[in-house]
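Enquirer: Structure file final_37.cif (mmCIF, C-alpha atoms) is given on the next line.
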```cif
data_entry
#
loop_
_atom_site.group_PDB
_atom_site.id
_atom_site.type_symbol
_atom_site.label_atom_id
_atom_site.label_comp_id
_atom_site.auth_asym_id
_atom_site.auth_seq_id
_atom_site.Cartn_x
_atom_site.Cartn_y
_atom_site.Cartn_z
ATOM 1 C CA MET A 4 17.889 -8.751 -5.183
ATOM 2 C CA ASP A 5 15.501 -6.209 -6.682
ATOM 3 C CA PRO A 6 12.571 -5.886 -4.225
ATOM 4 C CA ILE A 7 10.002 -6.827 -6.862
ATOM 5 C CA GLU A 8 12.019 -9.863 -7.926
ATOM 6 C CA ARG A 9 12.241 -10.785 -4.259
ATOM 7 C CA ALA A 10 8.474 -10.332 -3.777
ATOM 8 C CA ILE A 11 7.719 -12.550 -6.766
ATOM 9 C CA ALA A 12 10.110 -15.228 -5.515
ATOM 10 C CA GLU A 13 8.577 -15.118 -2.018
ATOM 11 C CA ALA A 14 5.030 -15.149 -3.406
ATOM 12 C CA LYS A 15 5.763 -18.299 -5.423
ATOM 13 C CA LYS A 16 6.688 -20.155 -2.228
ATOM 14 C CA ASN A 17 3.113 -19.816 -0.919
ATOM 15 C CA PRO A 18 0.726 -18.382 -3.533
ATOM 16 C CA GLN A 19 -2.043 -16.336 -1.936
ATOM 17 C CA THR A 20 -5.606 -15.709 -3.096
ATOM 18 C CA ILE A 21 -5.702 -12.157 -4.460
ATOM 19 C CA VAL A 22 -8.966 -10.550 -5.562
ATOM 20 C CA LEU A 23 -8.855 -8.438 -8.737
ATOM 21 C CA PRO A 24 -12.201 -6.605 -8.858
ATOM 22 C CA GLU A 25 -11.997 -5.135 -12.350
ATOM 23 C CA GLY A 26 -13.091 -8.014 -14.562
ATOM 24 C CA ASN A 27 -14.090 -5.692 -17.406
ATOM 25 C CA ASP A 28 -10.504 -4.512 -17.897
ATOM 26 C CA PRO A 29 -8.259 -6.572 -20.203
ATOM 27 C CA ARG A 30 -5.183 -5.704 -18.147
ATOM 28 C CA THR A 31 -6.719 -7.543 -15.192
ATOM 29 C CA TRP A 32 -7.057 -10.717 -17.258
ATOM 30 C CA GLN A 33 -3.596 -10.434 -18.751
ATOM 31 C CA ALA A 34 -2.136 -10.036 -15.257
ATOM 32 C CA ALA A 35 -4.210 -12.916 -13.903
ATOM 33 C CA ARG A 36 -2.970 -15.156 -16.698
ATOM 34 C CA ILE A 37 0.640 -14.444 -15.671
ATOM 35 C CA LEU A 38 -0.145 -14.969 -11.977
ATOM 36 C CA VAL A 39 -1.620 -18.405 -12.685
ATOM 37 C CA ASP A 40 0.930 -19.508 -15.270
ATOM 38 C CA GLU A 41 3.885 -18.435 -13.120
ATOM 39 C CA LYS A 42 2.248 -19.746 -9.898
ATOM 40 C CA ILE A 43 2.629 -16.359 -8.205
ATOM 41 C CA ALA A 44 -0.915 -16.060 -6.828
ATOM 42 C CA ASN A 45 -4.410 -17.476 -7.095
ATOM 43 C CA PRO A 46 -6.418 -14.620 -8.648
ATOM 44 C CA VAL A 47 -10.161 -14.160 -8.223
ATOM 45 C CA ILE A 48 -11.748 -11.791 -10.730
ATOM 46 C CA LEU A 49 -15.035 -9.972 -10.094
ATOM 47 C CA GLY A 50 -17.646 -8.721 -12.535
ATOM 48 C CA THR A 51 -20.985 -9.278 -14.200
ATOM 49 C CA PRO A 52 -21.122 -11.961 -16.915
ATOM 50 C CA ASN A 53 -21.057 -9.231 -19.579
ATOM 51 C CA ASP A 54 -18.082 -7.501 -17.939
ATOM 52 C CA ILE A 55 -16.208 -10.780 -17.676
ATOM 53 C CA LYS A 56 -16.849 -11.687 -21.326
ATOM 54 C CA LYS A 57 -15.695 -8.246 -22.469
ATOM 55 C CA GLY A 58 -12.549 -8.400 -20.357
ATOM 56 C CA ILE A 59 -11.567 -11.851 -21.620
ATOM 57 C CA ASP A 60 -12.324 -10.996 -25.254
ATOM 58 C CA ASP A 61 -10.354 -7.752 -25.111
ATOM 59 C CA ALA A 62 -7.425 -9.426 -23.355
ATOM 60 C CA GLY A 63 -7.248 -12.351 -25.729
ATOM 61 C CA VAL A 64 -6.185 -14.797 -23.032
ATOM 62 C CA SER A 65 -7.494 -18.056 -21.652
ATOM 63 C CA SER A 66 -9.548 -17.965 -18.444
ATOM 64 C CA GLU A 67 -8.466 -21.482 -17.443
ATOM 65 C CA GLY A 68 -7.542 -21.705 -13.764
ATOM 66 C CA ILE A 69 -8.873 -18.223 -12.949
ATOM 67 C CA HIS A 70 -11.787 -18.108 -10.505
ATOM 68 C CA VAL A 71 -14.596 -15.681 -11.387
ATOM 69 C CA ILE A 72 -17.365 -14.268 -9.163
ATOM 70 C CA ASP A 73 -20.394 -12.160 -10.066
ATOM 71 C CA PRO A 74 -21.052 -10.316 -6.776
ATOM 72 C CA ALA A 75 -24.819 -9.949 -7.299
ATOM 73 C CA SER A 76 -25.361 -13.685 -7.818
ATOM 74 C CA SER A 77 -22.737 -14.927 -5.374
ATOM 75 C CA GLU A 78 -23.759 -17.380 -2.654
ATOM 76 C CA LYS A 79 -22.001 -15.113 -0.151
ATOM 77 C CA PHE A 80 -23.739 -11.922 -1.253
ATOM 78 C CA GLU A 81 -26.224 -11.869 1.624
ATOM 79 C CA ALA A 82 -23.673 -12.755 4.306
ATOM 80 C CA TYR A 83 -21.349 -10.047 3.029
ATOM 81 C CA SER A 84 -24.217 -7.530 2.977
ATOM 82 C CA GLN A 85 -25.186 -8.401 6.553
ATOM 83 C CA GLU A 86 -21.582 -7.946 7.714
ATOM 84 C CA LEU A 87 -21.284 -4.564 6.006
ATOM 85 C CA ALA A 88 -24.561 -3.421 7.574
ATOM 86 C CA ARG A 89 -23.302 -4.565 10.986
ATOM 87 C CA ILE A 90 -19.972 -2.776 10.870
ATOM 88 C CA ARG A 91 -21.465 0.421 9.380
ATOM 89 C CA ALA A 92 -24.634 0.516 11.539
ATOM 90 C CA HIS A 93 -23.139 3.315 13.634
ATOM 91 C CA LYS A 94 -23.075 5.402 10.453
ATOM 92 C CA GLY A 95 -26.724 4.679 9.741
ATOM 93 C CA LEU A 96 -26.159 2.132 6.962
ATOM 94 C CA THR A 97 -29.243 -0.079 6.498
ATOM 95 C CA ILE A 98 -29.264 -3.612 5.161
ATOM 96 C CA GLU A 99 -30.877 -2.311 1.973
ATOM 97 C CA ASP A 100 -28.037 0.180 1.525
ATOM 98 C CA ALA A 101 -25.486 -2.542 2.255
ATOM 99 C CA ARG A 102 -26.960 -4.794 -0.423
ATOM 100 C CA GLU A 103 -26.657 -2.017 -2.972
ATOM 101 C CA LEU A 104 -23.045 -1.375 -2.026
ATOM 102 C CA MET A 105 -22.229 -5.087 -2.155
ATOM 103 C CA LYS A 106 -23.111 -5.132 -5.860
ATOM 104 C CA ASP A 107 -20.099 -2.846 -6.312
ATOM 105 C CA VAL A 108 -16.992 -4.905 -7.115
ATOM 106 C CA LEU A 109 -14.832 -2.704 -4.861
ATOM 107 C CA TYR A 110 -16.975 -3.322 -1.782
ATOM 108 C CA TYR A 111 -17.404 -7.005 -2.584
ATOM 109 C CA GLY A 112 -13.657 -7.415 -3.084
ATOM 110 C CA ALA A 113 -12.849 -5.560 0.121
ATOM 111 C CA MET A 114 -15.310 -7.748 2.035
ATOM 112 C CA MET A 115 -13.605 -10.855 0.663
ATOM 113 C CA VAL A 116 -10.388 -9.550 2.189
ATOM 114 C CA ARG A 117 -12.040 -8.580 5.474
ATOM 115 C CA LEU A 118 -13.544 -12.045 5.969
ATOM 116 C CA GLY A 119 -10.462 -13.967 4.810
ATOM 117 C CA ASP A 120 -11.831 -15.248 1.499
ATOM 118 C CA ALA A 121 -8.913 -13.428 -0.130
ATOM 119 C CA ALA A 122 -5.560 -12.540 1.404
ATOM 120 C CA GLY A 123 -5.534 -9.147 -0.304
ATOM 121 C CA GLY A 124 -6.851 -7.113 -3.197
ATOM 122 C CA VAL A 125 -5.395 -5.128 -6.091
ATOM 123 C CA THR A 126 -7.562 -2.640 -7.978
ATOM 124 C CA GLY A 127 -7.708 0.908 -9.324
ATOM 125 C CA ALA A 128 -6.932 0.323 -12.997
ATOM 126 C CA ALA A 129 -10.479 1.436 -13.794
ATOM 127 C CA HIS A 130 -11.480 3.195 -10.548
ATOM 128 C CA ALA A 131 -10.491 6.475 -8.914
ATOM 129 C CA THR A 132 -8.262 6.302 -5.836
ATOM 130 C CA GLY A 133 -10.968 7.930 -3.704
ATOM 131 C CA ASP A 134 -13.449 5.177 -4.560
ATOM 132 C CA VAL A 135 -10.905 2.437 -3.821
ATOM 133 C CA MET A 136 -9.908 3.951 -0.492
ATOM 134 C CA ARG A 137 -13.506 4.570 0.570
ATOM 135 C CA ALA A 138 -14.448 0.944 0.025
ATOM 136 C CA ALA A 139 -11.313 -0.304 1.755
ATOM 137 C CA ILE A 140 -11.561 1.937 4.823
ATOM 138 C CA GLN A 141 -15.283 1.340 5.324
ATOM 139 C CA THR A 142 -14.988 -2.412 4.886
ATOM 140 C CA ILE A 143 -11.507 -3.559 5.943
ATOM 141 C CA GLY A 144 -10.723 -0.731 8.363
ATOM 142 C CA LEU A 145 -7.398 0.491 9.738
ATOM 143 C CA ALA A 146 -4.687 -1.622 11.324
ATOM 144 C CA GLU A 147 -4.396 -1.527 15.106
ATOM 145 C CA GLY A 148 -2.582 1.580 16.321
ATOM 146 C CA ILE A 149 -2.758 3.270 12.909
ATOM 147 C CA LYS A 150 -4.496 6.631 12.576
ATOM 148 C CA VAL A 151 -4.470 7.111 8.812
ATOM 149 C CA VAL A 152 -4.158 5.269 5.521
ATOM 150 C CA SER A 153 -0.993 6.310 3.714
ATOM 151 C CA SER A 154 1.417 5.031 1.075
ATOM 152 C CA ILE A 155 5.029 4.305 0.322
ATOM 153 C CA PHE A 156 7.126 4.307 -2.807
ATOM 154 C CA ILE A 157 9.909 1.742 -2.972
ATOM 155 C CA MET A 158 12.826 3.643 -4.515
ATOM 156 C CA VAL A 159 15.412 1.397 -6.138
ATOM 157 C CA MET A 160 18.576 3.357 -6.765
ATOM 158 C CA PRO A 161 20.746 2.709 -9.854
ATOM 159 C CA LYS A 162 23.071 -0.306 -9.683
ATOM 160 C CA GLU A 163 26.140 1.817 -9.019
ATOM 161 C CA ASP A 164 24.465 2.980 -5.786
ATOM 162 C CA GLY A 165 22.658 -0.236 -4.957
ATOM 163 C CA ARG A 166 20.484 1.077 -2.124
ATOM 164 C CA VAL A 167 16.724 0.591 -1.735
ATOM 165 C CA PHE A 168 14.678 3.179 0.149
ATOM 166 C CA SER A 169 11.048 3.556 1.149
ATOM 167 C CA PHE A 170 9.628 7.096 0.834
ATOM 168 C CA ALA A 171 6.434 8.084 2.693
ATOM 169 C CA ASP A 172 3.911 9.561 2.333
ATOM 170 C CA CYS A 173 4.118 10.676 -1.283
ATOM 171 C CA ALA A 174 0.549 10.123 -2.492
ATOM 172 C CA ILE A 175 -2.289 10.310 0.039
ATOM 173 C CA VAL A 176 -2.063 12.512 3.184
ATOM 174 C CA PRO A 177 -1.532 16.230 2.396
ATOM 175 C CA GLN A 178 -0.840 17.701 5.844
ATOM 176 C CA PRO A 179 -0.404 14.981 8.480
ATOM 177 C CA ASP A 180 -0.434 16.035 12.114
ATOM 178 C CA ALA A 181 2.048 14.513 14.576
ATOM 179 C CA GLU A 182 -0.081 11.431 15.332
ATOM 180 C CA GLN A 183 -0.728 10.796 11.652
ATOM 181 C CA LEU A 184 2.948 11.261 10.831
ATOM 182 C CA ALA A 185 3.819 8.732 13.519
ATOM 183 C CA SER A 186 1.287 6.290 12.030
ATOM 184 C CA ILE A 187 2.833 6.781 8.594
ATOM 185 C CA ALA A 188 6.276 6.029 10.035
ATOM 186 C CA MET A 189 5.147 2.853 11.817
ATOM 187 C CA ALA A 190 3.245 1.577 8.791
ATOM 188 C CA SER A 191 6.186 2.383 6.512
ATOM 189 C CA ALA A 192 8.582 0.421 8.704
ATOM 190 C CA GLY A 193 6.342 -2.638 8.448
ATOM 191 C CA SER A 194 5.895 -2.245 4.692
ATOM 192 C CA HIS A 195 9.633 -1.864 4.103
ATOM 193 C CA LYS A 196 10.412 -5.034 6.052
ATOM 194 C CA ALA A 197 7.674 -7.047 4.333
ATOM 195 C CA ILE A 198 8.574 -5.983 0.802
ATOM 196 C CA THR A 199 12.384 -5.758 0.908
ATOM 197 C CA GLY A 200 13.197 -8.205 3.709
ATOM 198 C CA VAL A 201 15.554 -5.601 5.182
ATOM 199 C CA GLU A 202 15.336 -4.153 8.688
ATOM 200 C CA PRO A 203 13.754 -0.680 8.536
ATOM 201 C CA ILE A 204 15.783 2.278 9.797
ATOM 202 C CA VAL A 205 13.429 5.241 9.890
ATOM 203 C CA GLY A 206 14.519 8.835 9.406
ATOM 204 C CA MET A 207 11.917 11.493 10.250
ATOM 205 C CA LEU A 208 12.796 14.269 7.823
ATOM 206 C CA SER A 209 12.755 18.006 8.379
ATOM 207 C CA PHE A 210 14.653 21.149 7.389
ATOM 208 C CA SER A 211 16.225 20.930 10.866
ATOM 209 C CA THR A 212 18.560 18.425 12.490
ATOM 210 C CA LYS A 213 18.440 18.035 16.253
ATOM 211 C CA GLY A 214 17.398 21.591 17.047
ATOM 212 C CA SER A 215 19.331 23.416 14.337
ATOM 213 C CA ALA A 216 16.136 25.360 13.546
ATOM 214 C CA LYS A 217 13.014 26.284 15.481
ATOM 215 C CA HIS A 218 9.554 26.142 13.914
ATOM 216 C CA ASP A 219 6.140 24.585 14.456
ATOM 217 C CA ASP A 220 6.811 22.242 11.512
ATOM 218 C CA VAL A 221 9.960 21.014 13.245
ATOM 219 C CA ASP A 222 8.062 20.509 16.495
ATOM 220 C CA LYS A 223 5.565 18.298 14.634
ATOM 221 C CA VAL A 224 8.342 15.973 13.448
ATOM 222 C CA ILE A 225 9.900 15.838 16.922
ATOM 223 C CA GLU A 226 6.538 14.919 18.468
ATOM 224 C CA ALA A 227 5.862 12.293 15.786
ATOM 225 C CA THR A 228 9.252 10.713 16.505
ATOM 226 C CA ARG A 229 8.439 10.604 20.210
ATOM 227 C CA ILE A 230 5.122 8.871 19.520
ATOM 228 C CA VAL A 231 6.790 6.213 17.355
ATOM 229 C CA LYS A 232 9.379 5.500 20.040
ATOM 230 C CA GLU A 233 6.643 5.200 22.657
ATOM 231 C CA HIS A 234 4.278 2.966 20.688
ATOM 232 C CA ALA A 235 6.791 0.933 18.664
ATOM 233 C CA PRO A 236 10.039 0.772 20.654
ATOM 234 C CA ASN A 237 11.306 -2.046 18.424
ATOM 235 C CA ILE A 238 11.571 0.320 15.440
ATOM 236 C CA LYS A 239 14.867 2.103 14.854
ATOM 237 C CA VAL A 240 13.743 5.712 14.379
ATOM 238 C CA ASP A 241 15.200 9.175 14.875
ATOM 239 C CA GLY A 242 14.306 12.729 14.065
ATOM 240 C CA GLU A 243 14.200 15.469 13.326
ATOM 241 C CA LEU A 244 16.837 14.907 10.602
ATOM 242 C CA GLN A 245 17.717 16.757 7.438
ATOM 243 C CA LEU A 246 17.960 14.521 4.396
ATOM 244 C CA ASP A 247 21.757 14.515 4.246
ATOM 245 C CA ALA A 248 21.980 13.737 7.946
ATOM 246 C CA ALA A 249 19.602 10.821 7.422
ATOM 247 C CA ILE A 250 21.365 9.082 4.513
ATOM 248 C CA VAL A 251 25.019 10.252 4.407
ATOM 249 C CA GLU A 252 27.094 8.644 7.167
ATOM 250 C CA LYS A 253 29.720 11.387 7.460
ATOM 251 C CA VAL A 254 27.054 14.084 7.653
ATOM 252 C CA GLY A 255 24.957 12.057 10.080
ATOM 253 C CA ALA A 256 27.923 11.496 12.376
ATOM 254 C CA LYS A 257 28.629 15.231 12.420
ATOM 255 C CA LYS A 258 25.079 16.562 12.751
ATOM 256 C CA ALA A 259 23.581 13.830 14.960
ATOM 257 C CA PRO A 260 26.440 12.089 16.799
ATOM 258 C CA GLY A 261 25.377 8.958 18.632
ATOM 259 C CA SER A 262 22.236 8.408 16.548
ATOM 260 C CA GLU A 263 21.656 4.798 15.441
ATOM 261 C CA VAL A 264 19.677 6.114 12.455
ATOM 262 C CA ALA A 265 21.620 9.138 11.159
ATOM 263 C CA GLY A 266 23.475 8.282 7.975
ATOM 264 C CA LYS A 267 21.861 4.834 7.782
ATOM 265 C CA ALA A 268 18.152 5.519 7.173
ATOM 266 C CA ASN A 269 16.410 3.404 4.522
ATOM 267 C CA VAL A 270 12.857 4.576 5.323
ATOM 268 C CA LEU A 271 12.415 8.305 4.801
ATOM 269 C CA VAL A 272 9.279 9.872 6.270
ATOM 270 C CA PHE A 273 8.573 13.291 4.797
ATOM 271 C CA PRO A 274 6.778 15.935 6.890
ATOM 272 C CA ASP A 275 4.003 16.528 4.345
ATOM 273 C CA LEU A 276 2.755 15.503 0.909
ATOM 274 C CA ASP A 277 4.418 18.439 -0.858
ATOM 275 C CA ALA A 278 7.851 17.335 0.315
ATOM 276 C CA GLY A 279 7.189 13.631 -0.236
ATOM 277 C CA ASN A 280 5.776 13.938 -3.741
ATOM 278 C CA ILE A 281 8.521 16.322 -4.857
ATOM 279 C CA GLY A 282 11.174 14.182 -3.184
ATOM 280 C CA TYR A 283 10.274 10.923 -4.868
ATOM 281 C CA LYS A 284 9.911 12.543 -8.290
ATOM 282 C CA LEU A 285 13.270 14.302 -7.962
ATOM 283 C CA THR A 286 14.896 11.009 -7.041
ATOM 284 C CA GLN A 287 13.135 9.202 -9.875
ATOM 285 C CA ARG A 288 13.931 11.769 -12.568
ATOM 286 C CA LEU A 289 17.346 13.103 -11.588
ATOM 287 C CA ALA A 290 18.892 10.074 -9.869
ATOM 288 C CA LYS A 291 17.231 7.674 -12.361
ATOM 289 C CA ALA A 292 15.801 5.572 -9.530
ATOM 290 C CA ASP A 293 12.959 3.123 -10.130
ATOM 291 C CA ALA A 294 9.856 4.238 -8.223
ATOM 292 C CA ILE A 295 7.547 1.356 -7.280
ATOM 293 C CA GLY A 296 4.196 2.496 -5.963
ATOM 294 C CA PRO A 297 2.263 4.055 -4.485
ATOM 295 C CA ILE A 298 1.731 1.046 -2.228
ATOM 296 C CA VAL A 299 -1.175 1.622 0.159
ATOM 297 C CA GLN A 300 -0.534 0.902 3.829
ATOM 298 C CA GLY A 301 -2.299 1.302 7.153
ATOM 299 C CA LEU A 302 -5.284 -0.949 6.410
ATOM 300 C CA ALA A 303 -5.932 -3.975 8.603
ATOM 301 C CA LYS A 304 -5.328 -6.166 5.536
ATOM 302 C CA PRO A 305 -3.705 -5.273 2.188
ATOM 303 C CA PHE A 306 -5.925 -3.728 -0.492
ATOM 304 C CA TYR A 307 -3.779 -1.905 -3.023
ATOM 305 C CA ASP A 308 -4.621 0.934 -5.387
ATOM 306 C CA LEU A 309 -3.218 1.042 -8.915
ATOM 307 C CA SER A 310 -2.614 3.962 -11.216
ATOM 308 C CA ARG A 311 -5.254 4.074 -13.939
ATOM 309 C CA GLY A 312 -2.394 4.162 -16.432
ATOM 310 C CA CYS A 313 -0.969 0.872 -15.140
ATOM 311 C CA SER A 314 0.040 -2.072 -17.296
ATOM 312 C CA ALA A 315 -0.815 -5.750 -16.870
ATOM 313 C CA ASP A 316 2.766 -6.214 -15.654
ATOM 314 C CA ASP A 317 2.186 -3.572 -12.952
ATOM 315 C CA ILE A 318 -0.912 -5.448 -11.756
ATOM 316 C CA MET A 319 1.023 -8.723 -11.653
ATOM 317 C CA LYS A 320 3.901 -7.195 -9.677
ATOM 318 C CA LEU A 321 1.638 -5.436 -7.177
ATOM 319 C CA SER A 322 -0.304 -8.680 -6.694
ATOM 320 C CA ALA A 323 2.966 -10.404 -5.764
ATOM 321 C CA VAL A 324 3.768 -7.627 -3.285
ATOM 322 C CA CYS A 325 0.231 -7.872 -1.914
ATOM 323 C CA GLY A 326 0.608 -11.595 -1.300
ATOM 324 C CA VAL A 327 3.928 -11.135 0.490
ATOM 325 C CA ALA A 328 2.511 -8.317 2.633
ATOM 326 C CA ALA A 329 -0.486 -10.468 3.548
ATOM 327 C CA MET A 330 1.783 -13.298 4.714
ATOM 328 C CA ALA A 331 3.967 -10.903 6.695
ATOM 329 C CA SER A 332 0.988 -9.335 8.492
ATOM 330 C CA ARG A 333 -0.331 -12.605 9.916
#
```
Kindly return the structure encoded in the file as structure tokens.
Expert:
Amino acid sequence: MDPIERAIAEAKKNPQTIVLPEGNDPRTWQAARILVDEKIANPVILGTPNDIKKGIDDAGVSSEGIHVIDPASSEKFEAYSQELARIRAHKGLTIEDARELMKDVLYYGAMMVRLGDAAGGVTGAAHATGDVMRAAIQTIGLAEGIKVVSSIFIMVMPKEDGRVFSFADCAIVPQPDAEQLASIAMASAGSHKAITGVEPIVGMLSFSTKGSAKHDDVDKVIEATRIVKEHAPNIKVDGELQLDAAIVEKVGAKKAPGSEVAGKANVLVFPDLDAGNIGYKLTQRLAKADAIGPIVQGLAKPFYDLSRGCSADDIMKLSAVCGVAAMASR
């Protein structure tokens, strides 16, 4: 089954509360209408009364069954502000500063997720990635054992191939060090399992396979692989592997004999953002693969960032993925 179709089917079994902070955007309302009508999720939309009215009017949909919150007038505004001030006190954040931030739909939405009033959040249609990530990191924080927020793309190969891969990181971390690369690998394994339902087999990519080349960049991948094996021994992982050794069984058997990953990898961890971004776009454009993402990972709870060019359908699909990821992380 297509991973998005699978996510939607899984989400329908136990619809989760997903906060959609951008109530002024018609795409948010159109997506929320689908989520409610198809019983995929229970959306909560944030915004001022004027923003909400504009969003509904522009979308041309009914708001029936969709919960709406104005952060500034919410009964939980003060409790949320106090919690933000508490967790950011070490950075000098005062309660007055926290109250100002809590009027921002991104911070309010992230606090809903932190405190369990929403299982996850989907936003970014009308906000820059940096703003989304700042609110999420400062409010929700990183998952245990994770050093950096990163992302994956789910790459669905054409039907004649039939394989589904996860590529990481292709969108967020430019030059990860060994610890960060290990964090990306561990987070990607969890994301792949949650979204596709398939056991992750992680290939740590390089221009070298098992010592065929010597370079500091190769050493980084080798060290990252060691860290993953030490901290997450349940994950099938190997590296350093060239791409062909990672995904082509005959090549893997020749270049890395005895490896349980070589030739079988379905999670490909690129050594830096240059390689990852180029790699997913090559696969998308030349192999005609569907690229689903970027899907943010590494946060303690899911809070996903959209492309500002997204459609209502994209918001709906990512909300389904968010709900499935939230259930898997419990």
Enquirer: Which residue out of A:Gly261, A:Gln183, A:Gln33, A:Thr199 has the minimum interatomic distance to Phe156 of chain A when only C-alpha atoms are used?
Expert: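 Of the candidates, the smallest distance to Phe156 of chain A is held by A:Thr199.
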Enquirer: Would you please work out which residue, of A:Gln141, A:Phe210, A:Pro260, A:Val272, is nearest to Ala181 of chain A when using all atoms listed in the file?
Expert: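 Ranking A:Gln141, A:Phe210, A:Pro260, A:Val272 by distance to Ala181 of chain A, first place goes to A:Val272.
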Enquirer: Name the residues captured by the PyMOL selection byres ((chain A and resi 83) around 9) when it is applied to the shown file; answer as a ChimeraX atom specification.
Expert: /A:79-82,84-88,101-102,105,111,114-115,118
Enquirer: Restricting the calculation to only C-alpha atoms: of A:Thr212, A:Thr20, A:Ser310, A:Ser65, which residue gets closest to Gly112 of chain A?
Expert: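 When distances to Gly112 of chain A are compared using only C-alpha atoms, the smallest one comes from A:Thr20.
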Enquirer: Can you work out which one of A:Ile48, A:Ala265, A:Leu321, A:Val159 has the shortest atom-to-atom distance to Asp293 of chain A, counting only C-alpha atoms?
Expert: A:Val159
Enquirer: Enumerate, as a list of chain:residue names, the residues matched when the PyMOL selection byres ((chain A and resi 311) around 9) is run on the file above.
Expert: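 Given this file, the PyMOL selection byres ((chain A and resi 311) around 9) evaluates to A:Gly127, A:Ala128, A:Ala129, A:His130, A:Ala131, A:Thr132, A:Leu309, A:Ser310, A:Gly312, A:Cys313, A:Ser314.
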Enquirer: Determine the residue set returned by the PyMOL selection byres ((chain A and resi 307) around 8) for the present structure, and present it as a list of chain:residue names.
Expert: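 On the file shown, the PyMOL selection byres ((chain A and resi 307) around 8) covers A:Gly123, A:Gly124, A:Val125, A:Thr126, A:Gly127, A:Ile298, A:Val299, A:Pro305, A:Phe306, A:Asp308, A:Leu309, A:Leu321, A:Cys325.
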Enquirer: Write out, as a compact mmCIF listing (two decimals), in the frame of the given file, the residues just selected, with C-alpha atoms.
Expert:
```txt
# COMPACT_ATOMS: atom_id res chain seq x y z
CA GLY A 123 -5.53 -9.15 -0.30
CA GLY A 124 -6.85 -7.11 -3.20
CA VAL A 125 -5.40 -5.13 -6.09
CA THR A 126 -7.56 -2.64 -7.98
CA GLY A 127 -7.71 0.91 -9.32
CA ILE A 298 1.73 1.05 -2.23
CA VAL A 299 -1.18 1.62 0.16
CA PRO A 305 -3.70 -5.27 2.19
CA PHE A 306 -5.92 -3.73 -0.49
CA ASP A 308 -4.62 0.93 -5.39
CA LEU A 309 -3.22 1.04 -8.91
CA LEU A 321 1.64 -5.44 -7.18
CA CYS A 325 0.23 -7.87 -1.91
```
Enquirer: Work out how far atom CA of Leu145 of chain A is from atom CA of Ile225 of chain A, in Å to one decimal.
Expert: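 These atoms are spaced 24.2 Å apart.
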Enquirer: Please determine, counting all atoms listed in the file, which residue among A:Met189, A:Val264, A:Ala328, A:Leu23 has the shortest atom-to-atom distance to Pro236 of chain A.
Expert: A:Met189
Enquirer: Need the shell around Ala197 of chain A: protein/DNA/RNA residues with any atom at most 9 Å away, counting only C-alpha atoms. Skip same-chain ones fewer than 6 positions apart. Format as a list in words?
Expert: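 Contacts, with the query itself left out: Ala10, Val324, Val327, Ala328, Ala329, Met330, Ala331 and Ser332 of chain A.
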Enquirer: Can you work out which one of A:Glu147, A:Glu202, A:Glu67, A:Asp317 has the shortest atom-to-atom distance to His234 of chain A, counting all atoms listed in the file?
Expert: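 Smallest separation from His234 of chain A among the options: A:Glu147.
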Enquirer: How many Å lie between atom CA of Asp100 of chain A and atom CA of Ala113 of chain A, rounded to one decimal?
Expert: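 Straight-line distance from atom CA of Asp100 of chain A to atom CA of Ala113 of chain A works out to 16.3 Å.
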Enquirer: Please provide as an mmCIF file with C-alpha atoms, keeping the file's coordinate frame all residues within 10 Å of Lys291 of chain A, with the sequence filter that same-chain residues fewer than 2 positions apart are discarded (counting all atoms listed in the file).
Expert:
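Saved file around-v9.cif follows:
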```
data_model
loop_
_atom_site.group_PDB
_atom_site.id
_atom_site.type_symbol
_atom_site.label_atom_id
_atom_site.label_comp_id
_atom_site.auth_asym_id
_atom_site.auth_seq_id
_atom_site.Cartn_x
_atom_site.Cartn_y
_atom_site.Cartn_z
ATOM 1 C CA MET A 158 12.826 3.643 -4.515
ATOM 2 C CA VAL A 159 15.412 1.397 -6.138
ATOM 3 C CA MET A 160 18.576 3.357 -6.765
ATOM 4 C CA PRO A 161 20.746 2.709 -9.854
ATOM 5 C CA LYS A 284 9.911 12.543 -8.290
ATOM 6 C CA LEU A 285 13.270 14.302 -7.962
ATOM 7 C CA THR A 286 14.896 11.009 -7.041
ATOM 8 C CA GLN A 287 13.135 9.202 -9.875
ATOM 9 C CA ARG A 288 13.931 11.769 -12.568
ATOM 10 C CA LEU A 289 17.346 13.103 -11.588
ATOM 11 C CA ASP A 293 12.959 3.123 -10.130
ATOM 12 C CA ALA A 294 9.856 4.238 -8.223
#
```
Enquirer: Can you work out the spacing between atom CA of Ile281 of chain A and atom CA of Asp134 of chain A in Å, to one decimal?
Expert: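 One can read the atom CA of Ile281 of chain A to atom CA of Asp134 of chain A distance as 24.6 Å.
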